[in-house]
Structure formats: C-alpha cells, structure tokens
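Containing compact mmCIF, C-alpha atoms: model_27.txt.
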# COMPACT_ATOMS: atom_id res chain seq x y z
CA MET A 1 66.67 107.56 115.75
CA LYS A 2 69.81 105.88 117.10
CA GLU A 3 68.91 102.70 115.24
CA LYS A 4 68.63 104.60 111.93
CA ILE A 5 72.01 106.24 112.52
CA SER A 6 73.57 102.82 113.22
CA ILE A 7 72.16 101.32 110.02
CA ILE A 8 73.19 104.32 107.89
CA SER A 9 76.69 104.42 109.42
CA SER A 10 77.08 100.66 109.01
CA SER A 11 76.08 100.89 105.34
CA LEU A 12 78.54 103.74 104.74
CA PHE A 13 81.43 101.74 106.22
CA TYR A 14 80.53 98.72 104.07
CA LEU A 15 80.39 100.97 101.00
CA LEU A 16 83.81 102.40 101.84
CA SER A 17 85.25 98.89 102.10
CA VAL A 18 83.79 97.99 98.69
CA LEU A 19 85.19 101.23 97.24
CA PHE A 20 88.70 100.49 98.52
CA ILE A 21 88.52 96.91 97.24
CA GLY A 22 87.63 98.38 93.84
CA ILE A 23 90.57 100.80 94.00
CA TYR A 24 92.90 97.94 94.89
CA LEU A 25 91.71 95.79 91.96
CA TYR A 26 91.89 98.76 89.58
CA ILE A 27 95.52 99.53 90.51
CA GLU A 28 96.58 95.88 90.37
CA LEU A 29 95.02 95.26 86.97
CA ILE A 30 96.54 98.32 85.26
CA PRO A 31 99.69 97.36 83.29
CA ASN A 32 102.97 98.67 84.80
CA MET A 33 101.18 99.72 88.00
CA ALA A 34 101.10 97.88 91.32
CA PHE A 35 101.13 98.47 95.04
CA ASP A 36 104.37 97.70 96.82
CA THR A 37 104.28 95.45 99.90
CA THR A 38 103.73 98.25 102.43
CA GLN A 39 100.95 99.81 100.36
CA ARG A 40 99.19 96.47 99.95
CA VAL A 41 99.26 95.73 103.69
CA PHE A 42 98.06 99.24 104.56
CA HIS A 43 95.27 99.06 101.96
CA PHE A 44 94.01 95.71 103.23
CA CYS A 45 94.14 96.91 106.86
CA LEU A 46 92.02 99.91 105.87
CA ILE A 47 89.48 97.66 104.14
CA CYS A 48 89.29 95.42 107.23
CA LEU A 49 88.82 98.46 109.50
CA PHE A 50 85.82 99.66 107.45
CA ILE A 51 84.31 96.16 107.44
CA TYR A 52 84.83 95.83 111.20
CA LEU A 53 83.19 99.19 111.97
CA GLY A 54 80.25 98.36 109.70
CA SER A 55 79.83 94.92 111.33
CA LEU A 56 80.16 96.34 114.84
CA LEU A 57 77.37 98.83 114.29
CA LEU A 58 75.20 96.19 112.61
CA SER A 59 75.81 93.72 115.46
CA LYS A 60 74.75 96.30 118.03
CA TYR A 61 71.65 97.07 115.99
CA LEU A 62 70.74 93.35 115.69
CA LYS A 63 71.86 92.71 119.28
CA ASN A 64 73.95 89.67 118.32
CA ASN A 65 77.48 89.08 117.08
CA LYS A 66 76.70 87.29 113.81
CA PRO A 67 77.83 90.19 111.57
CA LEU A 68 81.15 90.28 113.45
CA LYS A 69 81.59 86.51 113.06
CA ILE A 70 80.96 86.85 109.33
CA SER A 71 83.44 89.75 109.18
CA LEU A 72 86.11 87.51 110.76
CA TRP A 73 85.71 85.08 107.88
CA ILE A 74 85.95 87.99 105.43
CA PHE A 75 89.15 89.19 107.17
CA PHE A 76 90.58 85.68 106.94
CA ILE A 77 89.80 85.40 103.23
CA LEU A 78 91.27 88.87 102.56
CA TYR A 79 94.40 87.90 104.50
CA LEU A 80 94.80 84.72 102.42
CA ILE A 81 94.37 86.76 99.21
CA LEU A 82 96.99 89.24 100.41
CA LEU A 83 99.36 86.44 101.40
CA ILE A 84 99.03 84.66 98.05
CA THR A 85 99.42 87.97 96.20
CA LEU A 86 102.62 88.80 98.08
CA VAL A 87 104.30 85.40 97.77
CA ALA A 88 103.25 84.45 94.24
CA PHE A 89 102.40 87.56 92.24
CA ASP A 90 104.45 90.37 93.76
CA TYR A 91 105.98 92.44 90.95
CA PHE A 92 108.74 93.67 93.27
CA ARG A 93 110.04 90.21 94.21
CA GLY A 94 111.46 89.30 90.81
CA ASN A 95 111.79 85.72 89.53
CA SER A 96 113.63 82.85 91.18
CA SER A 97 113.36 79.08 91.29
CA SER A 98 116.22 78.07 93.59
CA ILE A 99 116.08 75.59 96.47
CA ASN A 100 117.80 75.69 99.86
CA ILE A 101 117.35 72.79 102.28
CA ILE A 102 120.23 73.67 104.63
CA PRO A 103 118.80 75.06 107.91
CA PHE A 104 119.99 78.57 108.91
CA ASP A 105 122.13 78.93 105.77
CA THR A 106 120.12 81.87 104.39
CA ILE A 107 119.77 83.48 107.81
CA ARG A 108 123.53 83.26 108.30
CA GLY A 109 124.02 84.83 104.86
CA TYR A 110 121.84 87.81 105.73
CA VAL A 111 123.68 88.31 109.02
CA LYS A 112 127.00 88.34 107.15
CA ALA A 113 125.56 90.76 104.56
CA PHE A 114 124.48 93.08 107.39
CA LEU A 115 127.91 92.94 109.04
CA ASN A 116 129.86 93.68 105.86
CA SER A 117 127.21 96.05 104.38
CA SER A 118 127.09 94.11 101.10
CA ALA A 119 123.27 94.21 100.90
CA ASN A 120 120.71 96.95 101.37
CA LEU A 121 119.37 96.98 104.95
CA ASN A 122 115.79 97.14 103.64
CA ILE A 123 116.35 93.87 101.75
CA ILE A 124 117.66 92.16 104.89
CA VAL A 125 114.77 93.43 107.04
CA TYR A 126 112.21 92.59 104.33
CA ASN A 127 113.40 88.99 104.14
CA LEU A 128 114.06 88.22 107.81
CA VAL A 129 111.42 90.28 109.64
CA GLY A 130 108.95 89.81 106.77
CA ASN A 131 109.18 86.03 107.03
CA ILE A 132 108.71 86.16 110.81
CA VAL A 133 105.67 88.43 110.55
CA CYS A 134 103.83 87.14 107.47
CA LEU A 135 102.07 84.16 109.13
CA THR A 136 101.45 85.75 112.55
CA PRO A 137 97.79 86.56 111.64
CA LEU A 138 97.16 82.80 111.59
CA ALA A 139 97.63 82.87 115.37
CA PHE A 140 94.52 85.07 115.54
CA PHE A 141 92.34 83.62 112.78
CA LEU A 142 92.77 79.87 113.19
CA PRO A 143 91.90 79.56 116.91
CA ILE A 144 88.96 81.97 116.71
CA LEU A 145 87.46 80.34 113.57
CA PHE A 146 88.31 76.67 114.19
CA LYS A 147 87.92 75.21 117.70
CA LYS A 148 90.49 72.44 117.15
CA GLN A 149 93.14 75.09 116.45
CA ASN A 150 93.04 76.13 120.11
CA LYS A 151 95.39 73.20 120.76
CA PHE A 152 98.94 74.33 120.08
CA LYS A 153 100.08 71.04 118.52
CA ILE A 154 97.29 71.15 115.92
CA PHE A 155 97.97 74.83 115.26
CA LEU A 156 101.69 74.08 114.80
CA ILE A 157 101.02 71.25 112.34
CA THR A 158 98.58 73.45 110.37
CA THR A 159 101.08 76.32 110.23
CA ILE A 160 103.86 74.04 109.00
CA GLY A 161 101.51 72.73 106.31
CA ILE A 162 100.57 76.24 105.20
CA THR A 163 104.16 77.46 105.03
CA LEU A 164 105.18 74.35 103.06
CA GLY A 165 102.36 75.14 100.64
CA ILE A 166 103.62 78.72 100.30
CA GLU A 167 107.17 77.57 99.57
CA PHE A 168 105.98 75.12 96.90
CA LEU A 169 103.76 77.85 95.41
CA GLN A 170 106.76 80.19 95.19
CA LEU A 171 108.78 77.46 93.53
CA ILE A 172 106.05 76.64 90.99
CA THR A 173 105.35 80.30 90.12
CA MET A 174 109.09 81.20 90.21
CA SER A 175 108.26 84.08 92.53
CA GLY A 176 110.75 83.06 95.22
CA ALA A 177 113.10 80.35 96.42
CA PHE A 178 112.02 77.20 98.24
CA ASP A 179 113.96 77.86 101.43
CA VAL A 180 113.88 75.86 104.65
CA ASP A 181 114.87 79.04 106.52
CA ASP A 182 111.64 80.70 105.35
CA ILE A 183 109.74 77.79 106.90
CA ILE A 184 111.68 78.15 110.17
CA LEU A 185 111.01 81.91 110.36
CA ASN A 186 107.34 81.59 109.33
CA VAL A 187 106.61 78.92 111.97
CA LEU A 188 108.64 80.76 114.62
CA GLY A 189 106.71 84.01 114.06
CA ALA A 190 103.31 82.30 114.07
CA SER A 191 104.17 80.30 117.21
CA ILE A 192 105.32 83.37 119.13
CA ALA A 193 102.15 85.22 118.08
CA TYR A 194 100.02 82.22 119.18
CA LEU A 195 101.59 82.21 122.64
CA ILE A 196 101.17 85.99 122.99
CA LEU A 197 97.53 86.01 121.84
CA ASN A 198 96.71 83.18 124.26
CA ILE A 199 97.80 85.20 127.27
CA LYS A 200 94.68 85.39 129.41
CA GLY A 201 94.10 89.16 129.36
CA ILE A 202 94.94 89.57 125.67
CA LYS A 203 92.67 86.72 124.57
CA ALA A 204 89.80 88.09 126.69
CA LEU A 205 90.22 91.58 125.20
CA LEU A 206 90.26 90.25 121.62
CA ASN A 207 87.08 88.26 122.27
CA ASN A 208 85.46 91.42 123.66
CA ILE A 209 86.44 93.38 120.54
CA PHE A 210 85.62 90.81 117.84
CA LEU A 211 82.90 88.68 119.43
CA LEU A 212 81.25 91.26 121.73
CA GLU A 213 81.92 89.10 124.77
CA LYS A 214 81.89 90.82 128.17
CA ASN A 215 85.02 89.43 129.77
CA LYS A 216 86.33 91.42 132.73
CA LEU A 217 90.00 92.36 132.78
CA ASP A 218 91.80 93.04 136.04
CA LYS A 219 94.81 95.28 136.59
CA LYS A 220 97.33 92.52 135.75
CA ASP A 221 95.51 91.76 132.51
CA TRP A 222 95.66 95.39 131.41
CA ILE A 223 99.39 95.56 132.23
CA LYS A 224 99.99 92.54 129.95
CA VAL A 225 97.96 94.17 127.18
CA ILE A 226 99.83 97.48 127.49
CA VAL A 227 103.25 95.76 127.47
CA VAL A 228 102.41 93.87 124.25
CA ILE A 229 101.07 97.05 122.59
CA VAL A 230 104.21 99.02 123.57
CA ILE A 231 106.49 96.27 122.19
CA PHE A 232 104.48 96.21 118.96
CA ILE A 233 104.71 100.02 118.60
CA VAL A 234 108.47 99.97 119.26
CA ILE A 235 108.99 97.30 116.57
CA ILE A 236 106.89 99.20 114.01
CA PHE A 237 108.63 102.48 114.83
CA SER A 238 112.06 100.82 114.49
CA LEU A 239 111.15 99.43 111.06
CA ILE A 240 109.95 102.87 109.93
CA VAL A 241 113.20 104.46 111.14
CA ILE A 242 115.28 101.83 109.30
CA LYS A 243 113.34 102.44 106.10
CA ASN A 244 113.55 106.24 106.36
CA ASN A 245 117.28 106.19 107.14
CA ASP A 246 117.83 104.00 104.12
CA LEU A 247 115.96 106.40 101.84
CA ASN A 248 117.78 109.60 102.73
CA ASN A 249 120.66 111.12 104.66
CA ASN A 250 118.25 113.18 106.79
CA TYR A 251 119.66 116.53 105.63
CA SER A 252 120.24 118.38 102.38
CA ILE A 253 123.66 119.65 101.25
CA GLU A 254 124.29 122.66 99.00
CA PHE A 255 127.70 123.96 97.92
CA ILE A 256 128.13 127.71 97.33
CA ASP A 257 131.09 129.23 95.47
CA GLU A 258 131.20 133.00 96.23
CA SER A 259 134.52 133.61 94.50
CA THR A 260 134.35 135.95 91.51
CA THR A 261 138.06 135.85 90.74
CA CYS A 262 140.88 133.91 92.37
CA LYS A 263 144.63 133.52 92.02
CA GLU A 264 145.91 130.78 89.78
CA GLY A 265 147.25 127.59 91.28
CA GLN A 266 145.92 124.44 92.91
CA GLU A 267 145.01 124.75 96.60
CA LYS A 268 144.93 121.58 98.69
CA ILE A 269 141.85 121.47 100.94
CA TYR A 270 141.55 117.88 102.13
CA GLU A 271 143.35 114.54 102.13
CA SER A 272 141.78 111.16 102.84
CA GLU A 273 143.21 107.67 102.75
CA LYS A 274 142.27 107.38 99.08
CA TYR A 275 142.28 110.90 97.57
CA ILE A 276 143.88 114.34 97.75
CA TYR A 277 141.40 117.16 96.99
CA TYR A 278 142.35 120.52 95.48
CA PHE A 279 140.56 123.68 94.42
CA ASN A 280 141.41 124.66 90.85
CA CYS A 281 142.51 128.07 92.19
CA LEU A 282 143.13 129.78 95.55
CA LYS A 283 139.61 130.26 96.93
CA SER A 284 139.17 128.16 100.11
CA ASP A 285 137.89 131.24 102.02
CA LYS A 286 135.09 131.74 99.50
CA VAL A 287 133.54 128.26 99.14
CA TYR A 288 130.76 127.35 101.58
CA VAL A 289 128.47 124.44 102.27
CA ARG A 290 124.87 124.92 103.44
CA PHE A 291 122.89 122.25 105.30
CA ASN A 292 119.08 122.03 105.28
CA GLY A 293 118.93 125.32 103.39
CA LYS A 294 120.01 127.44 106.38
CA ASP A 295 123.21 126.45 108.24
CA LYS A 296 126.21 127.77 106.27
CA TYR A 297 129.90 126.97 106.90
CA LEU A 298 133.23 127.19 105.09
CA LEU A 299 133.82 123.92 103.29
CA LYS A 300 137.43 123.68 104.50
CA ASP A 301 136.25 123.92 108.14
CA ILE A 302 133.75 121.11 107.68
CA LEU A 303 136.38 118.91 106.04
CA ASN A 304 139.25 119.50 108.46
CA ASN A 305 137.85 120.61 111.82
CA ASN A 306 134.13 119.91 111.69
CA PRO A 307 132.33 121.95 114.40
CA THR A 308 128.87 120.61 113.44
CA LYS A 309 126.74 117.47 113.65
CA TYR A 310 126.69 117.28 109.83
CA GLU A 311 129.03 115.21 107.70
CA ILE A 312 130.41 115.54 104.19
CA THR A 313 131.31 112.32 102.42
CA GLU A 314 133.85 111.89 99.64
CA HIS A 315 130.92 111.21 97.32
CA ASP A 316 129.54 114.70 98.16
CA LEU A 317 132.82 116.26 97.01
CA ASP A 318 132.07 115.13 93.46
CA TYR A 319 129.54 118.01 93.38
CA PRO A 320 129.98 119.88 90.04
CA GLY A 321 130.52 123.60 89.70
CA ILE A 322 132.83 124.42 92.62
CA GLY A 323 136.10 123.51 90.92
CA ILE A 324 137.29 120.58 93.02
CA ILE A 325 139.99 118.35 91.56
CA LYS A 326 140.69 115.01 93.18
CA GLU A 327 143.83 112.96 92.80
CA ALA A 328 143.78 109.25 93.59
CA LYS A 329 146.56 108.16 95.93
CA MET A 330 146.21 104.53 94.90
CA THR A 331 145.40 102.54 91.78
CA GLU A 332 141.66 102.12 91.23
CA LEU A 333 140.09 98.82 90.15
CA VAL A 334 136.53 98.99 88.78
CA LEU A 335 134.36 95.86 88.62
CA THR A 336 130.92 95.52 87.02
CA ALA A 337 128.73 92.43 87.36
CA ASP A 338 125.18 91.59 86.28
CA LEU A 339 123.64 90.16 89.48
CA GLY A 340 120.01 90.95 88.68
CA ASN A 341 117.99 91.84 91.78
CA LYS A 342 119.44 89.06 93.94
CA ALA A 343 120.75 89.87 97.42
CA TYR A 344 124.40 88.89 97.50
CA ASN A 345 127.48 88.30 99.62
CA PHE A 346 130.91 88.96 98.20
CA LYS A 347 134.26 87.62 99.32
CA GLN A 348 137.73 88.80 98.38
CA ILE A 349 140.59 86.31 98.48
CA ILE A 350 144.15 87.67 98.31
CA GLU A 351 146.76 85.00 97.63
CA ASN A 352 149.48 86.92 99.49
CA GLU A 353 148.10 89.50 101.91
CA ASP A 354 151.63 90.80 102.65
CA ILE A 355 151.75 92.30 99.15
CA CYS A 356 148.62 94.48 99.09
CA ASN A 357 145.16 95.27 100.48
CA LEU A 358 141.94 95.89 98.56
CA ILE A 359 139.81 98.81 99.82
CA LEU A 360 136.16 99.15 98.72
CA ASP A 361 135.49 102.77 97.75
CA LYS A 362 132.09 102.83 96.00
CA ASN A 363 129.34 100.25 95.80
CA PHE A 364 126.10 100.76 93.89
CA ARG A 365 123.66 98.85 91.69
CA GLN A 366 121.23 99.99 89.02
CA ASN A 367 118.93 97.82 86.89
CA GLY A 368 120.59 94.73 88.32
CA ILE A 369 124.13 95.83 87.34
CA LEU A 370 126.52 96.02 90.29
CA GLU A 371 129.44 98.45 90.05
CA GLN A 372 132.19 98.41 92.66
CA HIS A 373 135.25 100.65 92.85
CA PHE A 374 138.25 99.34 94.78
CA PHE A 375 141.63 100.85 95.60
CA ILE A 376 144.73 98.69 95.61
CA LYS A 377 146.97 99.65 98.53
CA GLY A 378 150.54 98.45 98.12
CA ILE A 379 152.32 97.07 101.19
CA LYS A 380 155.53 95.73 99.70
CA GLU A 381 157.00 95.02 96.26
CA GLY A 382 155.78 91.82 94.67
CA ARG A 383 153.03 90.00 92.78
CA THR A 384 149.82 88.34 93.97
CA ILE A 385 146.44 87.09 92.74
CA ILE A 386 143.10 88.51 93.92
CA GLU A 387 139.75 86.71 93.52
CA LEU A 388 136.41 88.48 93.92
CA LYS A 389 133.53 86.03 94.42
CA TYR A 390 129.82 86.89 94.61
CA TYR A 391 127.22 84.53 96.12
CA ASN A 392 123.41 84.45 96.23
CA ILE A 393 122.46 85.00 99.89
CA GLU A 394 119.44 82.70 99.66
CA THR A 395 121.04 79.73 97.89
CA ASN A 396 124.79 80.27 98.38
CA GLU A 397 125.08 79.78 94.61
CA GLU A 398 128.10 81.46 93.02
CA LEU A 399 126.87 84.35 90.86
CA TYR A 400 130.09 85.89 89.58
CA LEU A 401 133.87 85.42 89.80
CA LYS A 402 136.71 87.73 88.78
CA LYS A 403 140.48 87.15 89.06
CA TYR A 404 143.24 89.78 88.83
CA GLU A 405 147.02 89.67 88.92
CA ILE A 406 148.32 92.54 91.06
CA ILE A 407 151.84 93.94 90.66
CA ILE A 408 153.33 96.28 93.31
CA ASP A 409 156.51 98.15 92.30
CA ASN A 410 159.33 99.40 94.54
CA ASN A 411 157.44 102.71 95.08
CA LEU A 412 154.39 100.72 96.30
CA LYS A 413 152.43 101.75 93.21
CA ALA A 414 150.01 99.12 91.92
CA SER A 415 149.10 97.88 88.49
CA TYR A 416 146.87 94.96 87.54
CA LYS A 417 145.59 92.81 84.74
CA GLU A 418 142.44 90.73 84.50
CA LEU A 419 142.88 86.96 84.31
CA ASN A 420 140.59 84.67 82.33
As structure tokens, how would this structure be written, given the file I've shared?
Amino acid sequence: MKEKISIISSSLFYLLSVLFIGIYLYIELIPNMAFDTTQRVFHFCLICLFIYLGSLLLSKYLKNNKPLKISLWIFFILYLILLITLVAFDYFRGNSSSINIIPFDTIRGYVKAFLNSSANLNIIVYNLVGNIVCLTPLAFFLPILFKKQNKFKIFLITTIGITLGIEFLQLITMSGAFDVDDIILNVLGASIAYLILNIKGIKALLNNIFLLEKNKLDKKDWIKVIVVIVIFIVIIFSLIVIKNNDLNNNYSIEFIDESTTCKEGQEKIYESEKYIYYFNCLKSDKVYVRFNGKDKYLLKDILNNNPTKYEITEHDLDYPGIGIIKEAKMTELVLTADLGNKAYNFKQIIENEDICNLILDKNFRQNGILEQHFFIKGIKEGRTIIELKYYNIETNEELYLKKYEIIIDNNLKASYKELN
C-alpha cells in the first residue's frame, strides 16, 4: 500500500512540475506579457521543488538514488535556461551595447548613486546584489555533477569562463553591457558560495538531501548549518524590506476639509526652506489629515509641532481640494532629459559657489524622461554659470549636459537663461 502511495504521489509531483513549466512557457510566449525577475526565479524554484519531491519518493520506492541524480541534471538545465533568459531575453532589462573594462568603475558609480539618491534603490540592489547572487548555484551544481569541479582552481576557471560567456552574450544580444565589474561580482559570489557549501557539515547535509547519503552530523556541524541558514534568511528579509519600502510609504494619507464657510483672507500654515503655504481662507482649525484610515489630526499640528510618528512631505501638500496655496521663496529651474531606462549619476558644477546654491526639489522619471525641479538660492549679487551633467552609471558615458547663466540681483532674487 505504501509503495502505491509513493508512486502515485511521485507521479502527481512530476505532473505539477510539467504543469508549471507549461504555465511559464505560456506566459512568456504571449505578446506583451512576461514574468519579472522575481516571478521567474520563484516559478523555477517551485518547479524544482515538485521535481525534487517526485524524485525523492521514486528513489525511496526504487531504493536507489538514480531519480535524484537525474533530477540534479534537470535542475542544472533549468537553472541554465533561467540564467540565459534573464541575461539575454529579459524584457525588463532594456537594450544596451556598451563596454566597460575599468575595474570597480561601475561599482563605484552605484555607491555614489546610493549616497546622493540619484538612482532608485531597487536598481542599485538589482545590479550589485543580483550580480553577486546569479552564479552562486554553480557552487552547488558543478561540484556535485562533475568530480573535477571539486578542486577550487578548476571551479574558479570554469566560473570565469561562464561569466565571460554571459557578458559576451549580453553584448551580442544588446541585452546588457559588457562590464568587467559584472565579472568581478559574479566570480566573487560564486567563490563565496563554493567555500560555504564546502564546509564539512553543510556539504554532508546537502549530500544527504540530494543523494540520499547517510552522513552523520555532530553538534558543531548543525551549528554551522544553522548559522548559514540564519544569514541567508536575514539577507532575503532585508531585500524584501528594501523592495517594499521602495514601493510605498507604509501608510496612507487622507486630507479632510470640514469647513463649510470661512472668513476671507490667506492664512499662513507652514513655511519651509523653499515654500510658504497658505490656506485660501481662515480655516486652519477645520482641516485635518487622517493616517491609515483611522488616526486623525489637525493639519497645522502635524506641520508645525508633529506629535506623531507620521510625516507629511511637501509633495503631499499638493493634494487638491483643501485650498492650499504655495508661494515659492526662490526661483525654480525645471530640467527635462531623455535618459531612457539607464541608471545615472548627475553632477552639478557651479562656476562661482559664492554667488548661489542649487537645491534639488523634485526628481522623477516616467517612460525614460527625467524631470528635475531645482531652486536657485541667492547668496550674493552677481553672475555665474551652472552645468548639470548626467552620466551612465555602467559606462560613465555622458548622457546629457545643460548649461545656465544665473543672475542674482541685490535682493538675492535669481533669474536665469539657458546657454547653448
């Protein structure tokens, strides 16, 4: 009876894996539809789990590990398909054919972008952490499938060869840049994974799971295993938190105007470095803000003496329907640039910094068009030239350049004109 249950269960798991492979192919082949990177990885992991469970039950029924050995080859082939799909045919990566052969140049660019907030954090994590992680499965597959790969030198040479192949493939298919920093990160990640997976207790446990060996693990071995698992969970959790924080502000904001009538006249409610905010009539005791649909406070209290953990940004004050008027305290300079989907660094060069400062107010991009709003803060009367330069993070190639002549009058008010 147990044998029949094993065979039936094994068959069901194999059928599930085939079903999910079919779903994957169906989605990928439909025009204008595709999995993103996270969905692809999750889908392939699910397929591998079903194949593993089916092979495990079949191996126990046959009383040998041949089905599991075959499943390892299937996992390896699926991983290679996933890898090629991500690096050469990923819809979300865009097109590029640039080359960077300067070590650590791209890495340094991403660090600068993180420090000055000129690139989305998800883009930085995707490129740096993604490159470190993407070849780590080789540290599992190569040594377990090829005996010679159990020597680190041979594994290292093989990994370098594979990552070089990936970079050339990206260059040929125009799906990414040929970047020496990608090679450095790929090899670094795979090497670290190789050293971790060759720790005595971890290697023995993996052989027990995937080859049905009966290696005994002592207390020290289990401690090593637990430490590695905890580190892995912490890294995954951190990446999830970064992604979630980037997608939302973690709380909803609703403005409520309870005034039915109010006295005429502008009422100042808040002043920042860049703007003065007024109500269009005298009603500051009747306008509230509600957080997460329940916590309700007077807007003027949140702006001037915030007693809560919540924050209101100047962008939030653009909310329509509550009669807020804002007056700019400085001259605004608006720049638009078509940068495509490239991650960028930008640098501002002020010829005479004693004349004025440039303050970034808003920064957003849609359909590849970057729009930045700056305020010109006068320091003393005079004239100066400002250059705004934008660089591709991966290649350091100049993407866009704008020059402006800035004039500060005796009242420290600014005006400007664009230079060709």
- request: Find the residues with any atom within 8 Å of (142.3, 128.5, 93.5); use all atoms listed in the file and the coordinates as given in the file, and write the answer as a PyMOL selection string.
  value: chain A and resi 262-267+279-284
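Distances here use only C-alpha atoms; by that measure, the residue among A:Phe255, A:Asn392, A:Glu327, A:Ile144 closest to A:Ile302 is A:Phe255.
Residue nearest A:Ile101, chosen from A:Ile235, A:Leu217, A:Ala177, A:Leu58 and counting only C-alpha atoms: A:Ala177.
You can rank A:Ile30, A:Thr261, A:Leu195, A:Val241 by their closest distance to A:Val228 using only C-alpha atoms, and at the top of that list sits A:Leu195.
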Contact residues around A:Pro137 with only C-alpha atoms at 12 Å, ignoring same-chain residues under 4 positions, as a short mmCIF file (atom, residue, chain, number, x, y, z; two decimals) with C-alpha atoms, in the coordinates of the input:
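In the end it all went to selection20.cif:
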data_model
loop_
_atom_site.label_atom_id
_atom_site.label_comp_id
_atom_site.auth_asym_id
_atom_site.auth_seq_id
_atom_site.Cartn_x
_atom_site.Cartn_y
_atom_site.Cartn_z
CA CYS A 45 94.14 96.91 106.86
CA LEU A 72 86.11 87.51 110.76
CA PHE A 75 89.15 89.19 107.17
CA PHE A 76 90.58 85.68 106.94
CA ILE A 77 89.80 85.40 103.23
CA LEU A 78 91.27 88.87 102.56
CA TYR A 79 94.40 87.90 104.50
CA LEU A 80 94.80 84.72 102.42
CA LEU A 82 96.99 89.24 100.41
CA LEU A 83 99.36 86.44 101.40
CA ILE A 132 108.71 86.16 110.81
CA VAL A 133 105.67 88.43 110.55
CA PHE A 141 92.34 83.62 112.78
CA LEU A 142 92.77 79.87 113.19
CA PRO A 143 91.90 79.56 116.91
CA ILE A 144 88.96 81.97 116.71
CA THR A 159 101.08 76.32 110.23
CA ASN A 186 107.34 81.59 109.33
CA VAL A 187 106.61 78.92 111.97
CA GLY A 189 106.71 84.01 114.06
CA ALA A 190 103.31 82.30 114.07
CA SER A 191 104.17 80.30 117.21
CA ILE A 192 105.32 83.37 119.13
CA ALA A 193 102.15 85.22 118.08
CA TYR A 194 100.02 82.22 119.18
CA ILE A 196 101.17 85.99 122.99
CA LEU A 197 97.53 86.01 121.84
#
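Candidate residues A:Ile184, A:Ile359, A:Leu205, A:Ile240 were compared for distance to A:Glu273, and the nearest is A:Ile359, using only C-alpha atoms.
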query: Neighbours of A:Asn411 within 10 Å (all atoms listed in the file; same-chain residues fewer than 6 positions away dropped), as an MDAnalysis selection string?
result: chainID A and resid 378:381
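When all atoms listed in the file are used to measure the gap to A:Arg108, the shortest distance among A:Ala328, A:Ser17, A:Phe140, A:Asp181 belongs to A:Asp181.
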- request: Using all atoms listed in the file, collect all residues at a distance of at most 6 Å from (129.4, 87.2, 93.5) as written in the file, then present them as a VMD selection string.
  value: chain A and resid 346 389 to 391 398 to 400
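One finds atom CA of A:Phe375 at 25.8 Å from atom CA of A:Asn305.
Here the question is which of A:Lys377, A:Ser272, A:Lys220, A:Asp257 gets nearest to A:Glu353 using only C-alpha atoms, and that residue is A:Lys377.
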message: One number please: atom CA of A:Ile8 to atom CA of A:Leu46, in Å, one decimal.
response: 19.4 Å
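You will find atom CA of A:Ile276 at 17.9 Å from atom CA of A:Glu311.
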query: Excluding same-chain residues fewer than 5 positions from A:Leu298, what lies within 9 Å of it counting only C-alpha atoms, as a ChimeraX atom specification?
result: /A:284-290,303
Could you work out an axis-aligned bounding box for all listed atoms of stretch 213-218 of chain A, with 4 Å added on each of the six sides, and give its centre and edge lengths in Å to one decimal, as AutoDock Vina command-line options?
--center_x 86.8 --center_y 91.1 --center_z 130.4 --size_x 17.9 --size_y 11.9 --size_z 19.3
